[in-house]
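Below: final_24.cif (mmCIF, C-alpha atoms and all ligand atoms)
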```
data_start
loop_
_atom_site.label_atom_id
_atom_site.label_comp_id
_atom_site.auth_asym_id
_atom_site.auth_seq_id
_atom_site.Cartn_x
_atom_site.Cartn_y
_atom_site.Cartn_z
CA MET E 5 224.36 -34.53 -147.29
CA ILE E 6 226.38 -31.84 -145.53
CA PRO E 7 223.99 -28.87 -145.46
CA VAL E 8 224.88 -25.28 -146.31
CA ALA E 9 223.26 -24.07 -143.11
CA GLU E 10 221.77 -25.67 -140.05
CA PRO E 11 220.52 -23.90 -136.92
CA TRP E 12 222.07 -24.67 -133.56
CA ILE E 13 219.00 -25.34 -131.44
CA ASP E 14 219.04 -27.44 -128.28
CA GLU E 15 217.33 -28.05 -124.95
CA ARG E 16 217.44 -24.38 -123.98
CA GLU E 17 215.28 -23.26 -126.92
CA LEU E 18 212.94 -26.16 -126.18
CA GLU E 19 212.74 -25.17 -122.52
CA LEU E 20 211.87 -21.51 -123.17
CA ALA E 21 209.45 -22.25 -126.04
CA SER E 22 207.75 -24.92 -123.90
CA GLU E 23 207.31 -22.39 -121.13
CA CYS E 24 205.32 -20.18 -123.55
CA ILE E 25 203.17 -23.10 -124.61
CA ARG E 26 202.54 -24.27 -121.04
CA SER E 27 201.68 -20.75 -119.90
CA GLY E 28 199.39 -20.06 -122.86
CA TRP E 29 201.39 -16.97 -123.93
CA VAL E 30 201.83 -18.20 -127.47
CA SER E 31 200.83 -15.11 -129.41
CA SER E 32 202.37 -11.66 -129.62
CA LEU E 33 201.92 -10.72 -125.97
CA GLY E 34 204.29 -12.11 -123.37
CA LYS E 35 207.52 -11.37 -121.60
CA TYR E 36 209.92 -12.76 -124.18
CA ILE E 37 209.20 -10.21 -126.91
CA GLY E 38 210.43 -7.28 -124.83
CA GLU E 39 213.28 -9.35 -123.48
CA PHE E 40 214.47 -10.43 -126.91
CA GLU E 41 214.19 -6.85 -128.22
CA LYS E 42 216.20 -5.61 -125.25
CA ARG E 43 218.89 -8.29 -125.47
CA PHE E 44 219.37 -8.00 -129.20
CA SER E 45 219.36 -4.19 -129.34
CA GLU E 46 221.83 -4.01 -126.43
CA TYR E 47 224.02 -6.56 -128.17
CA CYS E 48 224.14 -4.30 -131.25
CA HIS E 49 224.46 -1.09 -129.19
CA ALA E 50 221.20 0.37 -130.49
CA ARG E 51 218.70 1.94 -128.10
CA HIS E 52 215.49 0.32 -129.38
CA GLY E 53 214.53 -3.00 -130.92
CA VAL E 54 211.22 -3.68 -132.68
CA ALA E 55 210.72 -7.38 -133.38
CA THR E 56 208.86 -8.36 -136.55
CA THR E 57 207.59 -11.41 -138.38
CA ASN E 58 210.66 -11.65 -140.63
CA GLY E 59 213.52 -9.68 -142.14
CA THR E 60 211.50 -8.63 -145.18
CA THR E 61 208.78 -7.05 -143.05
CA ALA E 62 211.48 -5.40 -140.93
CA LEU E 63 212.77 -3.68 -144.09
CA HIS E 64 209.25 -2.72 -145.13
CA LEU E 65 208.49 -1.33 -141.68
CA ALA E 66 211.71 0.70 -141.68
CA LEU E 67 210.92 2.32 -145.03
CA CYS E 68 207.34 3.06 -143.91
CA ALA E 69 208.61 4.69 -140.71
CA LEU E 70 210.92 6.91 -142.78
CA ASP E 71 207.96 7.96 -144.97
CA ILE E 72 209.53 6.66 -148.13
CA GLY E 73 206.93 6.19 -150.83
CA PRO E 74 205.86 6.70 -154.44
CA GLY E 75 208.14 8.94 -156.45
CA ASP E 76 211.13 8.25 -154.20
CA ASP E 77 214.34 6.52 -155.24
CA VAL E 78 216.23 4.25 -152.87
CA ILE E 79 219.80 3.14 -153.53
CA VAL E 80 220.28 -0.61 -153.15
CA PRO E 81 223.24 -2.85 -153.99
CA THR E 82 222.42 -5.07 -156.94
CA LEU E 83 224.15 -8.05 -155.30
CA THR E 84 221.82 -8.90 -152.44
CA PHE E 85 218.87 -11.09 -151.55
CA ILE E 86 215.74 -9.91 -153.37
CA ALA E 87 213.97 -8.85 -150.15
CA THR E 88 216.11 -5.71 -150.00
CA ALA E 89 214.76 -4.50 -153.35
CA ASN E 90 211.23 -5.81 -152.85
CA ALA E 91 210.78 -3.82 -149.62
CA VAL E 92 211.46 -0.66 -151.64
CA ARG E 93 208.73 -1.66 -154.07
CA TYR E 94 206.28 -2.44 -151.25
CA VAL E 95 206.25 1.27 -150.31
CA GLY E 96 205.86 2.26 -153.97
CA ALA E 97 209.39 3.61 -154.28
CA ASN E 98 211.95 2.76 -156.93
CA PRO E 99 215.11 0.79 -156.19
CA VAL E 100 218.19 2.16 -157.94
CA PHE E 101 220.83 -0.52 -158.23
CA VAL E 102 224.52 0.09 -157.59
CA ASP E 103 227.46 -2.16 -158.34
CA SER E 104 229.59 -4.09 -155.84
CA GLU E 105 232.98 -3.18 -154.51
CA PRO E 106 235.29 -5.92 -155.86
CA TYR E 107 237.02 -6.86 -152.58
CA THR E 108 234.15 -6.90 -150.05
CA TRP E 109 231.39 -7.68 -152.63
CA CYS E 110 229.23 -5.08 -150.84
CA LEU E 111 227.73 -1.82 -152.14
CA ASP E 112 230.58 0.22 -153.67
CA PRO E 113 230.66 3.63 -151.97
CA ASN E 114 232.42 5.13 -154.99
CA LYS E 115 229.58 4.27 -157.31
CA ILE E 116 226.72 5.76 -155.30
CA GLU E 117 227.04 9.46 -155.99
CA ASP E 118 226.46 9.09 -159.74
CA LYS E 119 223.05 7.57 -158.98
CA ILE E 120 221.85 10.27 -156.60
CA THR E 121 219.12 12.53 -157.98
CA PRO E 122 216.65 14.95 -156.37
CA ARG E 123 214.32 11.94 -155.99
CA THR E 124 216.79 9.92 -153.91
CA ARG E 125 215.66 9.53 -150.30
CA ALA E 126 217.63 6.67 -148.81
CA ILE E 127 220.48 4.18 -149.15
CA ILE E 128 220.21 0.55 -148.03
CA PRO E 129 223.72 -0.85 -147.62
CA VAL E 130 223.75 -4.63 -147.18
CA HIS E 131 226.40 -6.41 -145.10
CA LEU E 132 226.70 -9.29 -147.53
CA TYR E 133 227.40 -12.88 -146.45
CA GLY E 134 228.56 -11.66 -143.03
CA HIS E 135 231.09 -9.03 -144.13
CA PRO E 136 230.28 -5.43 -143.19
CA CYS E 137 230.19 -2.93 -145.99
CA ASP E 138 232.45 0.13 -145.93
CA ILE E 139 229.91 2.23 -144.09
CA ASP E 140 231.80 5.48 -143.25
CA PRO E 141 231.90 6.87 -146.81
CA ILE E 142 228.24 5.83 -147.23
CA LEU E 143 227.22 7.72 -144.08
CA LYS E 144 229.21 10.72 -145.28
CA LEU E 145 227.45 10.71 -148.65
CA ALA E 146 224.08 10.28 -146.98
CA LYS E 147 224.74 13.25 -144.74
CA ARG E 148 225.88 15.43 -147.61
CA HIS E 149 222.77 14.62 -149.68
CA ASN E 150 220.37 14.45 -146.74
CA LEU E 151 219.50 10.78 -147.25
CA HIS E 152 218.36 8.18 -144.77
CA VAL E 153 220.44 5.05 -144.24
CA VAL E 154 218.74 1.72 -143.54
CA GLU E 155 221.28 -1.02 -142.87
CA ASP E 156 220.25 -4.43 -144.15
CA ALA E 157 222.13 -6.50 -141.59
CA ALA E 158 220.08 -9.67 -142.16
CA GLU E 159 223.27 -11.64 -142.83
CA ALA E 160 225.65 -10.03 -140.38
CA HIS E 161 224.59 -10.22 -136.72
CA GLY E 162 227.68 -9.41 -134.68
CA ALA E 163 229.86 -8.36 -137.64
CA GLU E 164 232.03 -5.34 -136.87
CA TYR E 165 233.07 -2.24 -138.75
CA LYS E 166 236.12 -0.54 -137.21
CA GLY E 167 235.45 -2.35 -133.95
CA ARG E 168 231.77 -1.45 -133.74
CA LYS E 169 228.95 -3.90 -134.39
CA VAL E 170 226.79 -3.39 -137.47
CA GLY E 171 223.22 -2.37 -136.76
CA SER E 172 223.84 0.99 -135.10
CA PHE E 173 225.17 3.00 -138.04
CA GLY E 174 221.97 3.69 -139.98
CA ASP E 175 218.80 5.55 -138.98
CA ILE E 176 217.31 2.07 -138.77
CA SER E 177 218.89 -1.34 -139.23
CA CYS E 178 217.08 -4.53 -140.14
CA PHE E 179 217.87 -8.10 -139.16
CA SER E 180 216.42 -11.49 -140.08
CA PHE E 181 216.13 -14.54 -137.83
CA TYR E 182 215.25 -17.00 -140.57
CA GLY E 183 216.44 -20.58 -139.97
CA ASN E 184 219.70 -20.17 -141.86
CA LYS E 185 220.75 -16.82 -140.38
CA ILE E 186 223.40 -16.30 -137.66
CA ILE E 187 220.72 -16.74 -135.00
CA THR E 188 217.16 -17.87 -135.64
CA THR E 189 213.66 -17.66 -134.28
CA GLY E 190 212.31 -19.90 -137.07
CA GLU E 191 210.97 -16.93 -138.97
CA GLY E 192 211.53 -13.49 -137.50
CA GLY E 193 213.12 -10.11 -137.86
CA MET E 194 213.98 -6.93 -136.00
CA CYS E 195 214.38 -3.23 -136.66
CA LEU E 196 216.92 -1.41 -134.50
CA THR E 197 217.12 2.33 -134.06
CA SER E 198 218.38 4.80 -131.50
CA ASP E 199 215.66 7.29 -132.47
CA GLU E 200 212.78 7.11 -130.00
CA LYS E 201 210.25 8.56 -132.47
CA LEU E 202 211.11 6.08 -135.20
CA ALA E 203 210.90 3.22 -132.70
CA GLN E 204 207.44 4.36 -131.59
CA LYS E 205 206.27 4.71 -135.16
CA MET E 206 207.51 1.23 -136.05
CA ARG E 207 205.84 -0.27 -132.96
CA MET E 208 202.59 1.32 -134.00
CA LEU E 209 202.76 0.35 -137.67
CA ARG E 210 203.68 -3.20 -136.66
CA ASP E 211 200.44 -3.38 -134.67
CA GLN E 212 197.88 -2.24 -137.30
CA ALA E 213 198.78 1.42 -136.56
CA MET E 214 196.59 1.19 -133.50
CA ASP E 215 196.75 4.17 -131.17
CA PRO E 216 198.59 2.83 -128.09
CA GLN E 217 196.31 5.00 -125.91
CA LYS E 218 193.06 4.09 -127.62
CA ARG E 219 192.24 0.50 -128.49
CA TYR E 220 190.80 -0.14 -131.97
CA TRP E 221 191.53 3.41 -133.03
CA HIS E 222 193.82 3.36 -136.04
CA THR E 223 195.68 6.47 -137.10
CA ASP E 224 197.00 5.02 -140.32
CA ILE E 225 196.98 1.87 -142.44
CA GLY E 226 199.26 -0.41 -140.51
CA TYR E 227 200.30 -4.03 -140.65
CA ASN E 228 200.37 -7.12 -138.52
CA TYR E 229 204.11 -7.66 -138.37
CA ARG E 230 204.21 -8.81 -134.74
CA MET E 231 206.61 -11.54 -133.61
CA THR E 232 205.17 -14.24 -131.36
CA ASN E 233 206.26 -14.84 -127.78
CA ILE E 234 207.34 -18.38 -128.77
CA GLN E 235 209.62 -17.02 -131.47
CA ALA E 236 211.03 -14.43 -129.08
CA ALA E 237 211.66 -17.11 -126.45
CA ILE E 238 213.70 -19.04 -129.01
CA GLY E 239 215.48 -15.76 -129.78
CA VAL E 240 216.36 -15.25 -126.11
CA ALA E 241 217.84 -18.77 -125.99
CA GLN E 242 219.78 -18.00 -129.19
CA MET E 243 221.15 -14.80 -127.64
CA GLU E 244 222.74 -16.94 -124.95
CA LYS E 245 224.82 -18.64 -127.63
CA ILE E 246 225.31 -15.91 -130.26
CA ASP E 247 228.91 -15.26 -129.26
CA ARG E 248 229.71 -18.98 -129.36
CA ILE E 249 228.04 -19.27 -132.77
CA ILE E 250 230.15 -16.42 -134.14
CA THR E 251 233.34 -17.80 -132.59
CA ILE E 252 232.66 -21.20 -134.19
CA LYS E 253 231.81 -19.66 -137.57
CA ARG E 254 235.04 -17.67 -137.51
CA ARG E 255 237.01 -20.74 -136.44
CA ASN E 256 235.47 -22.77 -139.28
CA ALA E 257 236.28 -19.99 -141.76
CA LYS E 258 239.87 -19.99 -140.53
CA ALA E 259 240.07 -23.77 -141.04
CA TYR E 260 238.73 -23.40 -144.60
CA ASN E 261 241.07 -20.47 -145.27
CA THR E 262 244.14 -22.40 -144.14
CA LEU E 263 243.30 -25.26 -146.49
CA LEU E 264 242.23 -23.09 -149.44
CA GLU E 265 244.33 -19.94 -149.41
CA ASN E 266 246.99 -21.14 -151.82
CA VAL E 267 244.80 -23.24 -154.05
CA PRO E 268 244.99 -22.05 -157.66
CA GLY E 269 241.63 -21.29 -159.23
CA ILE E 270 239.96 -20.31 -155.97
CA SER E 271 239.86 -17.17 -153.90
CA ILE E 272 238.86 -17.15 -150.25
CA PRO E 273 236.32 -14.73 -148.72
CA PRO E 274 237.34 -11.19 -147.81
CA GLU E 275 238.03 -9.71 -144.43
CA ALA E 276 239.02 -6.07 -144.75
CA GLU E 277 241.47 -4.76 -142.13
CA TRP E 278 238.63 -2.66 -140.68
CA ALA E 279 236.21 -5.58 -140.58
CA LYS E 280 235.19 -8.51 -138.46
CA ASN E 281 233.51 -10.94 -140.83
CA VAL E 282 231.04 -13.32 -139.14
CA TYR E 283 231.03 -15.56 -142.24
CA TRP E 284 227.26 -16.03 -142.39
CA MET E 285 228.27 -17.98 -145.47
CA TYR E 286 231.77 -19.21 -146.14
CA SER E 287 231.96 -18.01 -149.74
CA ILE E 288 234.60 -18.66 -152.34
CA LEU E 289 235.11 -17.33 -155.85
CA LEU E 290 236.13 -19.57 -158.68
CA GLU E 291 238.77 -17.79 -160.74
CA GLU E 292 238.35 -17.37 -164.49
CA ASP E 293 241.21 -19.76 -165.16
CA ALA E 294 239.68 -22.55 -163.05
CA SER E 295 239.46 -25.86 -164.86
CA ILE E 296 235.76 -26.42 -164.14
CA SER E 297 232.72 -24.19 -164.35
CA ARG E 298 231.06 -22.97 -161.17
CA ASP E 299 227.85 -24.86 -161.85
CA ASP E 300 229.66 -28.11 -162.73
CA LEU E 301 231.72 -27.83 -159.57
CA MET E 302 228.54 -27.43 -157.51
CA LEU E 303 227.08 -30.55 -159.17
CA LYS E 304 230.23 -32.54 -158.45
CA LEU E 305 230.19 -31.45 -154.81
CA LYS E 306 226.56 -32.50 -154.58
CA GLU E 307 227.53 -35.98 -155.86
CA ASP E 308 229.99 -36.11 -152.99
CA GLY E 309 227.20 -35.28 -150.53
CA ILE E 310 228.07 -31.60 -150.13
CA ASP E 311 225.35 -29.01 -150.51
CA THR E 312 226.29 -25.53 -151.75
CA ARG E 313 224.56 -22.36 -152.95
CA PRO E 314 225.39 -20.08 -155.86
CA PHE E 315 225.73 -16.35 -155.19
CA PHE E 316 222.61 -14.23 -155.60
CA TYR E 317 221.69 -13.18 -159.12
CA PRO E 318 222.09 -9.39 -159.36
CA MET E 319 218.76 -7.63 -158.88
CA HIS E 320 219.04 -5.65 -162.13
CA THR E 321 219.01 -8.94 -164.06
CA GLN E 322 215.91 -10.38 -162.35
CA PRO E 323 212.50 -10.35 -164.09
CA PRO E 324 210.72 -7.94 -161.69
CA TYR E 325 213.52 -5.40 -162.13
CA ALA E 326 214.22 -5.87 -165.83
CA LYS E 327 213.01 -2.33 -166.47
CA ASN E 328 216.03 -1.09 -164.52
CA ARG E 329 218.35 -3.13 -166.74
CA CYS E 330 221.83 -1.71 -166.95
CA SER E 331 225.37 -3.00 -166.75
CA LEU E 332 226.83 -3.52 -163.28
CA PRO E 333 229.86 -5.59 -164.24
CA VAL E 334 231.47 -6.31 -160.86
CA ALA E 335 228.30 -7.82 -159.39
CA GLU E 336 227.55 -9.70 -162.60
CA ASP E 337 231.00 -11.25 -162.51
CA LEU E 338 230.91 -12.12 -158.77
CA SER E 339 227.46 -13.60 -159.15
CA GLN E 340 228.69 -16.06 -161.76
CA ARG E 341 231.79 -17.13 -159.85
CA GLY E 342 230.63 -17.29 -156.23
CA ILE E 343 229.82 -20.44 -154.27
CA ASN E 344 228.66 -20.63 -150.66
CA LEU E 345 230.12 -23.71 -149.00
CA PRO E 346 228.63 -25.43 -145.94
CA SER E 347 228.77 -22.82 -143.18
CA SER E 348 226.79 -24.24 -140.28
CA PRO E 349 228.04 -23.74 -136.72
CA LEU E 350 227.48 -27.50 -136.34
CA LEU E 351 230.06 -28.28 -139.05
CA LYS E 352 232.84 -30.62 -137.87
CA GLU E 353 236.50 -30.06 -138.63
CA ARG E 354 236.69 -33.39 -140.48
CA GLU E 355 233.72 -32.30 -142.61
CA ILE E 356 235.62 -29.15 -143.59
CA GLU E 357 238.59 -31.35 -144.53
CA TYR E 358 236.30 -33.62 -146.56
CA ILE E 359 234.73 -30.64 -148.36
CA VAL E 360 238.14 -29.22 -149.23
CA GLN E 361 239.38 -32.62 -150.42
CA SER E 362 236.36 -32.92 -152.68
CA LEU E 363 236.90 -29.39 -154.01
CA LEU E 364 240.57 -30.09 -154.74
CA LYS E 365 239.75 -33.39 -156.42
CA HIS E 366 237.32 -31.80 -158.87
CA LEU E 367 239.52 -28.78 -159.53
CA ARG E 368 242.53 -31.00 -160.23
CA LYS E 369 240.84 -33.76 -162.17
CA LEU E 370 239.91 -31.50 -165.00
CA ALA E 371 243.05 -29.38 -164.99
C1 LIG E 401 217.45 -13.15 -145.36
C2 LIG E 401 217.56 -11.77 -145.89
C3 LIG E 401 216.48 -10.87 -145.85
C4 LIG E 401 215.07 -11.26 -145.53
O1 LIG E 401 214.87 -11.91 -144.38
P1 LIG E 401 213.61 -12.91 -144.22
O2 LIG E 401 213.59 -13.12 -142.75
O3 LIG E 401 213.91 -14.12 -145.01
O4 LIG E 401 212.41 -12.18 -144.69
C5 LIG E 401 216.71 -9.57 -146.26
N1 LIG E 401 217.90 -9.18 -146.71
C6 LIG E 401 218.94 -10.01 -146.80
C7 LIG E 401 220.24 -9.48 -147.30
C8 LIG E 401 218.79 -11.34 -146.41
O5 LIG E 401 219.83 -12.18 -146.53
#
```
Starting from the file, give its structure as structure tokens.
Ligand SMILES: *Cc1c(COP(=O)(O)O)cnc(C)c1O
Amino acid sequence: MIPVAEPWIDERELELASECIRSGWVSSLGKYIGEFEKRFSEYCHARHGVATTNGTTALHLALCALDIGPGDDVIVPTLTFIATANAVRYVGANPVFVDSEPYTWCLDPNKIEDKITPRTRAIIPVHLYGHPCDIDPILKLAKRHNLHVVEDAAEAHGAEYKGRKVGSFGDISCFSFYGNKIITTGEGGMCLTSDEKLAQKMRMLRDQAMDPQKRYWHTDIGYNYRMTNIQAAIGVAQMEKIDRIITIKRRNAKAYNTLLENVPGISIPPEAEWAKNVYWMYSILLEEDASISRDDLMLKLKEDGIDTRPFFYPMHTQPPYAKNRCSLPVAEDLSQRGINLPSSPLLKEREIEYIVQSLLKHLRKLA
């Protein structure tokens, strides 16, 4: 089976992780945590990095640090992974879902203002499937309405908006290092910020809100969201290859694009003129006039040994958020037509050709 995602891990990760194990620094003290935070934050041009246990806790920590809580509304795109919305609930706030922009599939800046009320405190734009969202108009809106911006960049390490990497636009940005993300630490996450106070607050909350000057004195109810030294060591090894990973993912996307761009019934993933897409997932849309349904096509591909994923279900249609039910037609439509094809950096060119052949065969057969 050709997998949708597969981490690129080799001797270097093994070497650095082994060093932690041999030295006994296996928990959340050790030199690699600071080093990973420094390398990753510098890579994204943010001043501070606060490593966490995963991307979901990074989002939770960010909202805690911004004092978002009960009675507050937070604007979230409906087409995202559920962690974005859940983090809002963890702090007792209410996610307000906004539709997608049809070309980039990300939060539509033109549909935000209608949803802003006196309760609105923040916007969480998500750089979906590796494509940055159109962040300038979102920052402008946030400024005008005095809202915080938390970038959910869990799927877009290294993606660029107008030549600048995502992760330094919001008050805080959140990344995930889950096994299928652009780089991985197994499980893991990080908050980036250029605000010293927010960084300090997140460091404290991550460590049970313990007073850094006074051991076992807790100024607040905090969390244990600390990353381990072993995870951070893997992260440091991954940072040595992040640029190669992104180059390969972009090269693979280009190979797919060349083979798929003129195929009727399919549209290839976006790359806006102001964007550098890192193609976390190589995602296609099945057009309405395609001869096979999205789900049948995925089954057929599976029979050919090709694993795929459907797009996320919009948050406003999911059971925990049914109360917020409304119509967000662009996201609903994308969600039903989107397929993520195998996108691993380990994918071979002949595998891409095989995947495309299989796709064409099933699209044609039923035409
Ligand atoms: C993966 C992901 C997360 C959560 O990251 P975990 O490390 O799995 O907790 C959050 N938001 C988005 C958009 C994601 O894709």
Please tabulate, as a Markdown table, the residues of chain E that come within 8 Å of ligand LIG 401 (chain E), each with its closest pair of atoms and the distance in Å to one decimal, counting all atoms listed in the file and ordering rows by chain, then residue number upward.
```
| residue | atom | partner | partner_atom | distance |
| --- | --- | --- | --- | --- |
| E:Thr57 | CA | E:LIG401 | O2 | 7.6 |
| E:Asn58 | CA | E:LIG401 | O2 | 3.9 |
| E:Gly59 | CA | E:LIG401 | O1 | 3.4 |
| E:Thr60 | CA | E:LIG401 | O4 | 3.7 |
| E:Thr61 | CA | E:LIG401 | O4 | 6.5 |
| E:Ala62 | CA | E:LIG401 | O4 | 7.8 |
| E:Leu63 | CA | E:LIG401 | C5 | 7.4 |
| E:Thr84 | CA | E:LIG401 | C7 | 5.4 |
| E:Phe85 | CA | E:LIG401 | C7 | 4.7 |
| E:Ile86 | CA | E:LIG401 | N1 | 7.0 |
| E:Ala87 | CA | E:LIG401 | C5 | 4.8 |
| E:Thr88 | CA | E:LIG401 | N1 | 5.1 |
| E:Val130 | CA | E:LIG401 | C7 | 6.0 |
| E:His131 | CA | E:LIG401 | C7 | 7.2 |
| E:Leu132 | CA | E:LIG401 | C7 | 6.5 |
| E:Tyr133 | CA | E:LIG401 | O5 | 7.6 |
| E:Asp156 | CA | E:LIG401 | N1 | 5.9 |
| E:Ala157 | CA | E:LIG401 | C7 | 6.7 |
| E:Ala158 | CA | E:LIG401 | C8 | 4.7 |
| E:Glu159 | CA | E:LIG401 | O5 | 5.1 |
| E:Cys178 | CA | E:LIG401 | C5 | 7.9 |
| E:Phe179 | CA | E:LIG401 | O1 | 7.1 |
| E:Ser180 | CA | E:LIG401 | O2 | 4.2 |
| E:Phe181 | CA | E:LIG401 | O2 | 5.7 |
| E:Tyr182 | CA | E:LIG401 | O2 | 4.7 |
| E:Lys185 | CA | E:LIG401 | C1 | 7.0 |
| E:Glu191 | CA | E:LIG401 | O2 | 6.0 |
| E:Gly192 | CA | E:LIG401 | O2 | 5.7 |
| E:Gly193 | CA | E:LIG401 | O2 | 5.8 |
```
(request) Find the distance between atom CA of E:Pro141 and atom CA of E:Phe173 and write it in Å to one decimal. (result)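 Distance between the two atoms: 11.7 Å.
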(message) I need the residue nearest E:Ile272 from this list: E:Gly134, E:Gly226, E:Pro7, E:Gly342. Use all atoms listed in the file for the distance.
(response)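 Residue with the minimum atom-to-atom distance to E:Ile272: E:Gly342.
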(request) Tell me, in Å to one decimal, how far atom CA of E:Ile359 is from atom CA of E:Glu292. (result)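 Atom CA of E:Glu292 lies 21.2 Å from atom CA of E:Ile359.
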(request) Determine the nearest neighbour of E:Gly53 from the options E:Arg123, E:Arg207, E:Arg168, E:Lys245, counting only C-alpha atoms. (result)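 So, comparing all the options, the nearest one is E:Arg207.
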What's around E:Asp103 at 7 Å? Count only C-alpha atoms, leave out sequence neighbours fewer than 5 positions away in its own chain, and write the answer as a compact mmCIF listing (two decimals) with C-alpha atoms, keeping the file's coordinate frame.
```
# COMPACT_ATOMS: atom_id res chain seq x y z
CA PRO E 81 223.24 -2.85 -153.99
CA THR E 82 222.42 -5.07 -156.94
CA LEU E 111 227.73 -1.82 -152.14
CA ASP E 112 230.58 0.22 -153.67
CA LYS E 115 229.58 4.27 -157.31
CA LEU E 332 226.83 -3.52 -163.28
CA VAL E 334 231.47 -6.31 -160.86
CA ALA E 335 228.30 -7.82 -159.39
```
(message) With distances taken over all atoms listed in the file, which residue among E:Phe44, E:Tyr325, E:Trp278, E:Trp29 lies nearest E:Gln242?
(response)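 Nearest candidate to E:Gln242 out of E:Phe44, E:Tyr325, E:Trp278, E:Trp29: E:Phe44.
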(message) Between E:Gln204, E:Thr251, E:Asn266, E:Thr312, which residue has the minimum interatomic distance to E:Val282, considering only C-alpha atoms?
(response)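 Nearest candidate to E:Val282 out of E:Gln204, E:Thr251, E:Asn266, E:Thr312: E:Thr251.
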(message) Which residues are close to E:Tyr227, i.e. within 8 Å by all atoms listed in the file, leaving aside same-chain residues fewer than 4 positions away? Reply as number ranges by chain.
(response) E: 209-213
Preceding selection exported with C-alpha atoms as a CSV table (one decimal), in the coordinates of the input:
```csv
chain,number,residue,atom,x,y,z
E,209,LEU,CA,202.8,0.4,-137.7
E,210,ARG,CA,203.7,-3.2,-136.7
E,211,ASP,CA,200.4,-3.4,-134.7
E,212,GLN,CA,197.9,-2.2,-137.3
E,213,ALA,CA,198.8,1.4,-136.6
```
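Shortest separation to E:Glu15 among E:Ala241, E:Ile225, E:Met285, E:Ile270 occurs at residue E:Ala241, atoms counted being all atoms listed in the file.
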(request) In the coordinates of the file, take the point (202.9, -10.5, -132.0) and a cut-off of 6 Å; then, counting only C-alpha atoms, name each qualifying protein, DNA or RNA residue as a VMD selection string. (result) chain E and resid 31 to 32 230 to 232
C-alpha atoms of the current selection, written as a PDB file, in the frame of the given file:
```
ATOM      1  CA  SER E  31     200.830 -15.110-129.410  1.00  0.00           C
ATOM      2  CA  SER E  32     202.370 -11.660-129.620  1.00  0.00           C
ATOM      3  CA  ARG E 230     204.210  -8.810-134.740  1.00  0.00           C
ATOM      4  CA  MET E 231     206.610 -11.540-133.610  1.00  0.00           C
ATOM      5  CA  THR E 232     205.170 -14.240-131.360  1.00  0.00           C
TER       6      THR E 232
END
```
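Among the candidates E:Val102, E:Met208, E:Met319, E:Ile186, the one nearest to E:Ala163 when counting all atoms listed in the file is E:Ile186.
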(request) Just give me the residues with any atom within 10 Å of (217.9, 5.0, -128.4), file coordinates, counting all atoms listed in the file, written as a ChimeraX atom specification. (result) /E:45,49-53,172,196-203
(request) For atom CA of E:Lys352 and atom CA of E:Arg16, quote the distance in Å rounded to one decimal. (result) 21.7 Å
